[in-house]
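Structure file model-v9.cif with mmCIF, C-alpha atoms, pLDDT in the B column; chains and numbers go by the auth columns:
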data_run
loop_
_atom_site.group_PDB
_atom_site.id
_atom_site.type_symbol
_atom_site.label_atom_id
_atom_site.label_comp_id
_atom_site.label_asym_id
_atom_site.label_seq_id
_atom_site.Cartn_x
_atom_site.Cartn_y
_atom_site.Cartn_z
_atom_site.B_iso_or_equiv
_atom_site.auth_seq_id
_atom_site.auth_asym_id
ATOM 1 C CA MET A 1 0.000 0.000 0.000 42.00 1 A
ATOM 2 C CA LYS A 2 1.210 3.465 -0.868 46.00 2 A
ATOM 3 C CA LYS A 3 1.485 6.091 1.827 47.00 3 A
ATOM 4 C CA LYS A 4 -0.384 9.341 1.273 52.00 4 A
ATOM 5 C CA HIS A 5 1.256 12.661 1.946 50.00 5 A
ATOM 6 C CA ALA A 6 -1.030 15.038 3.815 50.00 6 A
ATOM 7 C CA ASP A 7 -0.518 17.807 1.273 53.00 7 A
ATOM 8 C CA ALA A 8 -1.629 15.526 -1.605 64.00 8 A
ATOM 9 C CA ILE A 9 -5.043 14.748 -0.087 74.00 9 A
ATOM 10 C CA PRO A 10 -7.886 16.998 -1.269 72.00 10 A
ATOM 11 C CA LEU A 11 -9.684 19.048 1.358 72.00 11 A
ATOM 12 C CA THR A 12 -13.380 19.841 1.624 70.00 12 A
ATOM 13 C CA PRO A 13 -14.430 23.508 1.929 70.00 13 A
ATOM 14 C CA GLU A 14 -14.574 22.928 5.718 74.00 14 A
ATOM 15 C CA GLY A 15 -10.941 21.745 5.729 77.00 15 A
ATOM 16 C CA HIS A 16 -11.612 18.010 6.130 80.00 16 A
ATOM 17 C CA ARG A 17 -9.584 15.475 4.169 90.00 17 A
ATOM 18 C CA GLN A 18 -11.731 13.923 1.445 93.00 18 A
ATOM 19 C CA GLN A 19 -12.225 10.171 1.054 95.00 19 A
ATOM 20 C CA VAL A 20 -14.583 8.012 -0.993 97.00 20 A
ATOM 21 C CA ALA A 21 -16.274 4.747 -0.067 98.00 21 A
ATOM 22 C CA ALA A 22 -18.294 2.021 -1.703 98.00 22 A
ATOM 23 C CA LEU A 23 -21.443 0.693 -0.076 98.00 23 A
ATOM 24 C CA PRO A 24 -21.560 -2.857 -1.484 98.00 24 A
ATOM 25 C CA TRP A 25 -25.069 -4.318 -1.533 98.00 25 A
ATOM 26 C CA ARG A 26 -27.091 -7.157 -3.040 96.00 26 A
ATOM 27 C CA ARG A 27 -30.726 -8.262 -3.146 91.00 27 A
ATOM 28 C CA ALA A 28 -30.240 -12.028 -3.113 77.00 28 A
ATOM 29 C CA PRO A 29 -31.065 -13.836 -0.939 78.00 29 A
ATOM 30 C CA ALA A 30 -32.353 -10.614 0.710 86.00 30 A
ATOM 31 C CA PHE A 31 -31.275 -6.965 0.753 94.00 31 A
ATOM 32 C CA GLU A 32 -27.828 -7.081 2.371 96.00 32 A
ATOM 33 C CA ILE A 33 -24.805 -4.839 2.908 98.00 33 A
ATOM 34 C CA LEU A 34 -21.193 -6.037 2.828 98.00 34 A
ATOM 35 C CA LEU A 35 -18.938 -4.786 5.620 98.00 35 A
ATOM 36 C CA VAL A 36 -15.168 -5.236 5.906 97.00 36 A
ATOM 37 C CA SER A 37 -12.871 -4.980 8.896 97.00 37 A
ATOM 38 C CA SER A 38 -10.555 -2.014 9.217 93.00 38 A
ATOM 39 C CA LEU A 39 -6.825 -2.693 9.120 89.00 39 A
ATOM 40 C CA ASP A 40 -5.935 -0.994 12.371 83.00 40 A
ATOM 41 C CA THR A 41 -8.666 -1.855 14.892 85.00 41 A
ATOM 42 C CA GLY A 42 -10.748 -4.527 13.156 90.00 42 A
ATOM 43 C CA ARG A 43 -13.925 -2.442 13.485 93.00 43 A
ATOM 44 C CA TRP A 44 -16.626 -2.845 10.812 97.00 44 A
ATOM 45 C CA ILE A 45 -16.499 -0.335 7.944 96.00 45 A
ATOM 46 C CA VAL A 46 -17.215 -0.138 4.226 98.00 46 A
ATOM 47 C CA PRO A 47 -14.388 -0.162 1.664 98.00 47 A
ATOM 48 C CA LYS A 48 -12.941 3.345 1.446 96.00 48 A
ATOM 49 C CA GLY A 49 -9.849 5.215 0.431 95.00 49 A
ATOM 50 C CA TRP A 50 -8.232 8.395 -0.797 93.00 50 A
ATOM 51 C CA PRO A 51 -9.071 9.920 -4.199 93.00 51 A
ATOM 52 C CA MET A 52 -6.984 8.502 -7.057 93.00 52 A
ATOM 53 C CA LYS A 53 -5.529 10.654 -9.792 92.00 53 A
ATOM 54 C CA GLY A 54 -7.155 9.920 -13.149 94.00 54 A
ATOM 55 C CA ARG A 55 -10.257 8.298 -11.596 96.00 55 A
ATOM 56 C CA THR A 56 -13.625 9.781 -10.725 97.00 56 A
ATOM 57 C CA PRO A 57 -14.760 9.476 -7.098 97.00 57 A
ATOM 58 C CA SER A 58 -17.142 6.638 -8.003 98.00 58 A
ATOM 59 C CA GLN A 59 -14.435 4.809 -9.977 98.00 59 A
ATOM 60 C CA THR A 60 -12.112 5.124 -6.994 97.00 60 A
ATOM 61 C CA ALA A 61 -14.811 3.767 -4.660 98.00 61 A
ATOM 62 C CA ALA A 62 -15.338 0.786 -6.981 98.00 62 A
ATOM 63 C CA ARG A 63 -11.594 0.141 -7.005 98.00 63 A
ATOM 64 C CA GLU A 64 -11.482 0.204 -3.195 98.00 64 A
ATOM 65 C CA ALA A 65 -14.376 -2.293 -3.091 98.00 65 A
ATOM 66 C CA PHE A 66 -12.380 -4.725 -5.204 98.00 66 A
ATOM 67 C CA GLU A 67 -9.097 -4.215 -3.311 97.00 67 A
ATOM 68 C CA GLU A 68 -10.667 -4.536 0.153 97.00 68 A
ATOM 69 C CA ALA A 69 -13.543 -6.978 -0.462 97.00 69 A
ATOM 70 C CA GLY A 70 -13.033 -8.586 -3.874 98.00 70 A
ATOM 71 C CA VAL A 71 -16.379 -7.339 -5.191 98.00 71 A
ATOM 72 C CA LYS A 72 -17.280 -5.842 -8.562 98.00 72 A
ATOM 73 C CA GLY A 73 -20.559 -4.483 -9.847 98.00 73 A
ATOM 74 C CA GLU A 74 -22.474 -1.385 -10.831 98.00 74 A
ATOM 75 C CA ILE A 75 -21.410 1.737 -8.951 98.00 75 A
ATOM 76 C CA ALA A 76 -23.619 4.817 -8.736 98.00 76 A
ATOM 77 C CA GLU A 77 -22.126 8.004 -10.164 97.00 77 A
ATOM 78 C CA ALA A 78 -23.529 10.113 -7.313 97.00 78 A
ATOM 79 C CA PRO A 79 -22.975 9.483 -3.602 98.00 79 A
ATOM 80 C CA VAL A 80 -25.931 8.341 -1.513 97.00 80 A
ATOM 81 C CA GLY A 81 -24.604 10.309 1.446 97.00 81 A
ATOM 82 C CA ALA A 82 -21.513 11.272 3.397 97.00 82 A
ATOM 83 C CA TYR A 83 -20.167 10.954 6.906 96.00 83 A
ATOM 84 C CA ARG A 84 -17.253 12.311 8.912 93.00 84 A
ATOM 85 C CA TYR A 85 -14.817 10.528 11.166 91.00 85 A
ATOM 86 C CA ASP A 86 -11.483 11.085 12.888 88.00 86 A
ATOM 87 C CA LYS A 87 -8.607 9.115 11.375 84.00 87 A
ATOM 88 C CA ARG A 88 -5.971 8.485 14.010 81.00 88 A
ATOM 89 C CA LYS A 89 -2.469 8.401 12.569 81.00 89 A
ATOM 90 C CA ARG A 90 0.379 6.279 13.930 81.00 90 A
ATOM 91 C CA ASN A 91 2.222 9.431 15.007 87.00 91 A
ATOM 92 C CA GLY A 92 -0.695 10.398 17.272 83.00 92 A
ATOM 93 C CA SER A 93 -2.135 13.099 15.055 85.00 93 A
ATOM 94 C CA VAL A 94 -5.794 13.057 14.066 88.00 94 A
ATOM 95 C CA TRP A 95 -7.164 13.880 10.622 86.00 95 A
ATOM 96 C CA ARG A 96 -10.818 14.898 10.308 90.00 96 A
ATOM 97 C CA CYS A 97 -12.108 13.123 7.190 91.00 97 A
ATOM 98 C CA GLU A 98 -15.291 13.423 5.166 94.00 98 A
ATOM 99 C CA VAL A 99 -16.303 10.325 3.202 96.00 99 A
ATOM 100 C CA ASP A 100 -18.645 10.373 0.193 97.00 100 A
ATOM 101 C CA VAL A 101 -20.422 6.996 -0.039 98.00 101 A
ATOM 102 C CA PHE A 102 -21.304 5.450 -3.426 98.00 102 A
ATOM 103 C CA PRO A 103 -23.699 2.473 -3.601 98.00 103 A
ATOM 104 C CA LEU A 104 -22.233 -0.516 -5.435 98.00 104 A
ATOM 105 C CA GLU A 105 -24.622 -3.254 -6.539 98.00 105 A
ATOM 106 C CA VAL A 106 -22.453 -6.356 -6.290 98.00 106 A
ATOM 107 C CA LYS A 107 -22.534 -8.549 -9.399 97.00 107 A
ATOM 108 C CA SER A 108 -19.529 -10.766 -8.630 97.00 108 A
ATOM 109 C CA GLN A 109 -17.165 -11.626 -5.807 95.00 109 A
ATOM 110 C CA SER A 110 -13.650 -12.882 -6.518 96.00 110 A
ATOM 111 C CA LYS A 111 -12.018 -15.734 -4.648 95.00 111 A
ATOM 112 C CA ILE A 112 -8.734 -13.800 -4.534 94.00 112 A
ATOM 113 C CA TRP A 113 -8.228 -10.043 -4.073 96.00 113 A
ATOM 114 C CA PRO A 114 -5.413 -7.771 -2.862 96.00 114 A
ATOM 115 C CA GLU A 115 -6.409 -7.403 0.822 97.00 115 A
ATOM 116 C CA LYS A 116 -8.056 -10.792 1.418 96.00 116 A
ATOM 117 C CA ALA A 117 -5.389 -11.873 3.908 96.00 117 A
ATOM 118 C CA VAL A 118 -5.701 -8.747 6.074 96.00 118 A
ATOM 119 C CA ARG A 119 -9.455 -8.125 6.221 96.00 119 A
ATOM 120 C CA THR A 120 -12.554 -9.990 7.299 95.00 120 A
ATOM 121 C CA GLN A 121 -15.833 -9.443 5.497 95.00 121 A
ATOM 122 C CA ARG A 122 -19.443 -9.932 6.491 96.00 122 A
ATOM 123 C CA TRP A 123 -22.731 -9.816 4.575 96.00 123 A
ATOM 124 C CA CYS A 124 -25.621 -8.747 6.806 96.00 124 A
ATOM 125 C CA GLY A 125 -29.040 -7.131 6.729 96.00 125 A
ATOM 126 C CA TRP A 126 -29.041 -3.347 6.597 96.00 126 A
ATOM 127 C CA GLU A 127 -30.277 -2.948 10.183 96.00 127 A
ATOM 128 C CA GLN A 128 -27.486 -5.145 11.495 97.00 128 A
ATOM 129 C CA ALA A 129 -24.924 -3.399 9.259 97.00 129 A
ATOM 130 C CA ALA A 130 -26.014 0.028 10.504 97.00 130 A
ATOM 131 C CA GLY A 131 -25.629 -1.201 14.084 97.00 131 A
ATOM 132 C CA LEU A 132 -22.256 -2.888 13.572 97.00 132 A
ATOM 133 C CA VAL A 133 -20.400 0.057 12.050 96.00 133 A
ATOM 134 C CA ASP A 134 -18.491 2.151 14.551 88.00 134 A
ATOM 135 C CA ASP A 135 -19.170 5.490 12.878 91.00 135 A
ATOM 136 C CA ALA A 136 -22.685 6.774 13.647 91.00 136 A
ATOM 137 C CA GLY A 137 -22.671 8.833 10.453 96.00 137 A
ATOM 138 C CA LEU A 138 -21.997 5.727 8.371 97.00 138 A
ATOM 139 C CA GLY A 139 -24.865 3.977 10.141 97.00 139 A
ATOM 140 C CA ASP A 140 -27.114 6.900 9.170 97.00 140 A
ATOM 141 C CA VAL A 141 -25.987 6.623 5.517 98.00 141 A
ATOM 142 C CA ILE A 142 -26.790 2.888 5.536 98.00 142 A
ATOM 143 C CA ARG A 143 -30.252 3.532 7.024 97.00 143 A
ATOM 144 C CA ALA A 144 -31.002 6.279 4.479 96.00 144 A
ATOM 145 C CA PHE A 145 -29.892 4.056 1.605 97.00 145 A
ATOM 146 C CA ALA A 146 -32.015 1.155 2.881 95.00 146 A
ATOM 147 C CA ALA A 147 -35.063 3.454 3.082 94.00 147 A
ATOM 148 C CA GLN A 148 -34.393 4.612 -0.473 93.00 148 A
ATOM 149 C CA MET A 149 -34.103 1.004 -1.679 90.00 149 A
ATOM 150 C CA ALA A 150 -37.340 0.019 0.080 83.00 150 A
ATOM 151 C CA ASP A 151 -39.155 2.516 -2.165 75.00 151 A
ATOM 152 C CA GLN A 152 -37.766 0.916 -5.347 71.00 152 A
ATOM 153 C CA PRO A 153 -39.118 -2.297 -6.862 65.00 153 A
ATOM 154 C CA ALA A 154 -36.718 -5.227 -7.263 62.00 154 A
ATOM 155 C CA ASP A 155 -35.615 -5.959 -10.821 58.00 155 A
#

Using structure tokens, write down the structure that the file contains.
Amino acid sequence: MKKKHADAIPLTPEGHRQQVAALPWRRAPAFEILLVSSLDTGRWIVPKGWPMKGRTPSQTAAREAFEEAGVKGEIAEAPVGAYRYDKRKRNGSVWRCEVDVFPLEVKSQSKIWPEKAVRTQRWCGWEQAAGLVDDAGLGDVIRAFAAQMADQPAD
């Protein structure tokens, strides 16, 4: 994994460091969300990362979903929501980050992917997913997305 230099990370108008995330989901056997463990604490999160040069935010989110969870599918071009969290650095500093979250309808899951050996993954219902994530704002994004999906007919 490449290290990011603080001055290379885009900032929001409020001065937060910008990240993007995928919200992997599927309808079969029921509407479920895929969570992955974080590298540092093992808490439940969604695949996320720093913007990548030459990629749109949604393309970057899709890339993170493959690297961290081995999933591919259809990514939305617009985020379904955003949340903020404090990223604690090894040197003790804290970065305030804002994460735009892009829904990714999972169409396939690989048997091998870059971070398989260092992350755990878990498919669960949206209510359970919203309760398992450590960041309250991410839980709110999951709940809002689930409400939006409940209003749409299945294909």

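Distances to Glu64 in chain A were evaluated for A:Asp40, A:Asp86, A:Glu14, A:Glu115 using all atoms listed in the file, and the minimum falls at A:Glu115.
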
task: Name every residue that the PyMOL selection byres ((chain A and resi 96) around 12) selects in this structure, writing the answer as JSON, numbers by chain with chains first and numbers rising.
output: {"A": [6, 9, 11, 12, 14, 15, 16, 17, 18, 19, 83, 84, 85, 86, 87, 88, 89, 93, 94, 95, 97, 98, 99]}

message: Can you tell me which residues surround Leu34 in chain A at a distance of at most 8 Å, considering all atoms listed in the file, apart from same-chain residues fewer than 6 positions away, and format the answer as a list of chain:residue names?
response: A:Leu23, A:Pro24, A:Trp25, A:Val46, A:Gln121, A:Arg122, A:Trp123, A:Cys124, A:Ala129

Nearest to Asp140 in chain A by atom-to-atom distance, counting all atoms listed in the file, from A:Leu104, A:Ala69, A:Met52, A:Ala82: A:Ala82

task: Can you turn the PyMOL selection byres ((chain A and resi 113) around 12) into a concrete residue list for this file, as a ChimeraX atom specification?
output: /A:63-72,109-112,114-119

- prompt: Hey, what's within 12 Å of Gly125 in chain A if we count only C-alpha atoms and toss same-chain stuff fewer than 2 positions away? As a PyMOL selection string, please?
  reply: chain A and resi 24-35+122-123+127-132+142-143+146

Those selected residues, please, written with C-alpha atoms and delivered as a compact mmCIF listing (two decimals), keeping the file's coordinate frame.
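The resulting selection-v4.txt:
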# COMPACT_ATOMS: atom_id res chain seq x y z
CA PRO A 24 -21.56 -2.86 -1.48
CA TRP A 25 -25.07 -4.32 -1.53
CA ARG A 26 -27.09 -7.16 -3.04
CA ARG A 27 -30.73 -8.26 -3.15
CA ALA A 28 -30.24 -12.03 -3.11
CA PRO A 29 -31.06 -13.84 -0.94
CA ALA A 30 -32.35 -10.61 0.71
CA PHE A 31 -31.28 -6.96 0.75
CA GLU A 32 -27.83 -7.08 2.37
CA ILE A 33 -24.80 -4.84 2.91
CA LEU A 34 -21.19 -6.04 2.83
CA LEU A 35 -18.94 -4.79 5.62
CA ARG A 122 -19.44 -9.93 6.49
CA TRP A 123 -22.73 -9.82 4.58
CA GLU A 127 -30.28 -2.95 10.18
CA GLN A 128 -27.49 -5.14 11.50
CA ALA A 129 -24.92 -3.40 9.26
CA ALA A 130 -26.01 0.03 10.50
CA GLY A 131 -25.63 -1.20 14.08
CA LEU A 132 -22.26 -2.89 13.57
CA ILE A 142 -26.79 2.89 5.54
CA ARG A 143 -30.25 3.53 7.02
CA ALA A 146 -32.02 1.16 2.88

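Closest approach to Ala22 in chain A among A:Gly42, A:Ala136, A:Lys53, A:Asp100: A:Asp100, based on only C-alpha atoms.
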
- request: Give as a ChimeraX atom specification the residues that the PyMOL selection byres ((chain A and resi 59) around 12) matches when applied to the coordinates above.
  value: /A:20-22,48-58,60-66,72-79,101-104

- request: Mind giving me the straight-line distance from CA of Trp44 in chain A to CA of Ala147 in chain A in Å, one decimal?
  value: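 Between these atoms lies a distance of 21.0 Å.
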
First collect every listed atom of range 111-125 of chain A; then fit an axis-aligned box around them, widen it by 8 Å on each side, and give centre and edge lengths in Å to one decimal, as JSON.
{"center_x": -17.2, "center_y": -11.4, "center_z": 1.3, "size_x": 39.7, "size_y": 24.6, "size_z": 27.9}

task: Give the answer as one residue: which of A:Gln152, A:Val133, A:Lys107, A:Ala144 has the shortest atom-to-atom distance to Ser38 in chain A, using all atoms listed in the file?
output: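 Closest candidate: A:Val133.
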
task: Take CA of Leu39 in chain A and CA of Gly139 in chain A and report the distance between them in Å, one decimal.
output: 19.3 Å

- prompt: Hey, can you check how far CA of Ser108 in chain A sits from CA of Thr120 in chain A?
  reply: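 Going from CA of Ser108 in chain A over to CA of Thr120 in chain A, I get 17.4 Å.
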
Because some atoms of range 113-127 of chain A are absent here, can you restore N, CA and C atoms and send them as a compact mmCIF listing (two decimals), in the frame of the given file?
# COMPACT_ATOMS: atom_id res chain seq x y z
N TRP A 113 -8.31 -11.49 -3.88
CA TRP A 113 -8.23 -10.04 -4.07
C TRP A 113 -7.09 -9.51 -3.22
N PRO A 114 -6.63 -8.27 -3.50
CA PRO A 114 -5.41 -7.77 -2.86
C PRO A 114 -5.37 -7.82 -1.33
N GLU A 115 -6.46 -7.49 -0.64
CA GLU A 115 -6.41 -7.40 0.82
C GLU A 115 -7.15 -8.55 1.53
N LYS A 116 -7.33 -9.65 0.84
CA LYS A 116 -8.06 -10.79 1.42
C LYS A 116 -7.41 -11.29 2.71
N ALA A 117 -6.10 -11.32 2.75
CA ALA A 117 -5.39 -11.87 3.91
C ALA A 117 -5.42 -10.96 5.13
N VAL A 118 -5.79 -9.69 4.95
CA VAL A 118 -5.70 -8.75 6.07
C VAL A 118 -7.05 -8.18 6.51
N ARG A 119 -8.12 -8.62 5.86
CA ARG A 119 -9.46 -8.12 6.22
C ARG A 119 -10.44 -9.28 6.33
N THR A 120 -11.43 -9.08 7.18
CA THR A 120 -12.55 -9.99 7.30
C THR A 120 -13.74 -9.29 6.64
N GLN A 121 -14.64 -10.06 6.08
CA GLN A 121 -15.83 -9.44 5.50
C GLN A 121 -17.07 -10.13 6.02
N ARG A 122 -18.20 -9.41 5.93
CA ARG A 122 -19.44 -9.93 6.49
C ARG A 122 -20.64 -9.35 5.75
N TRP A 123 -21.46 -10.22 5.15
CA TRP A 123 -22.73 -9.82 4.58
C TRP A 123 -23.76 -9.83 5.70
N CYS A 124 -24.58 -8.77 5.79
CA CYS A 124 -25.62 -8.75 6.81
C CYS A 124 -26.77 -7.84 6.36
N GLY A 125 -27.91 -8.00 7.00
CA GLY A 125 -29.04 -7.13 6.73
C GLY A 125 -28.68 -5.69 7.04
N TRP A 126 -29.40 -4.76 6.43
CA TRP A 126 -29.04 -3.35 6.60
C TRP A 126 -29.15 -2.88 8.04
N GLU A 127 -30.14 -3.38 8.79
CA GLU A 127 -30.28 -2.95 10.18
C GLU A 127 -29.07 -3.39 11.00
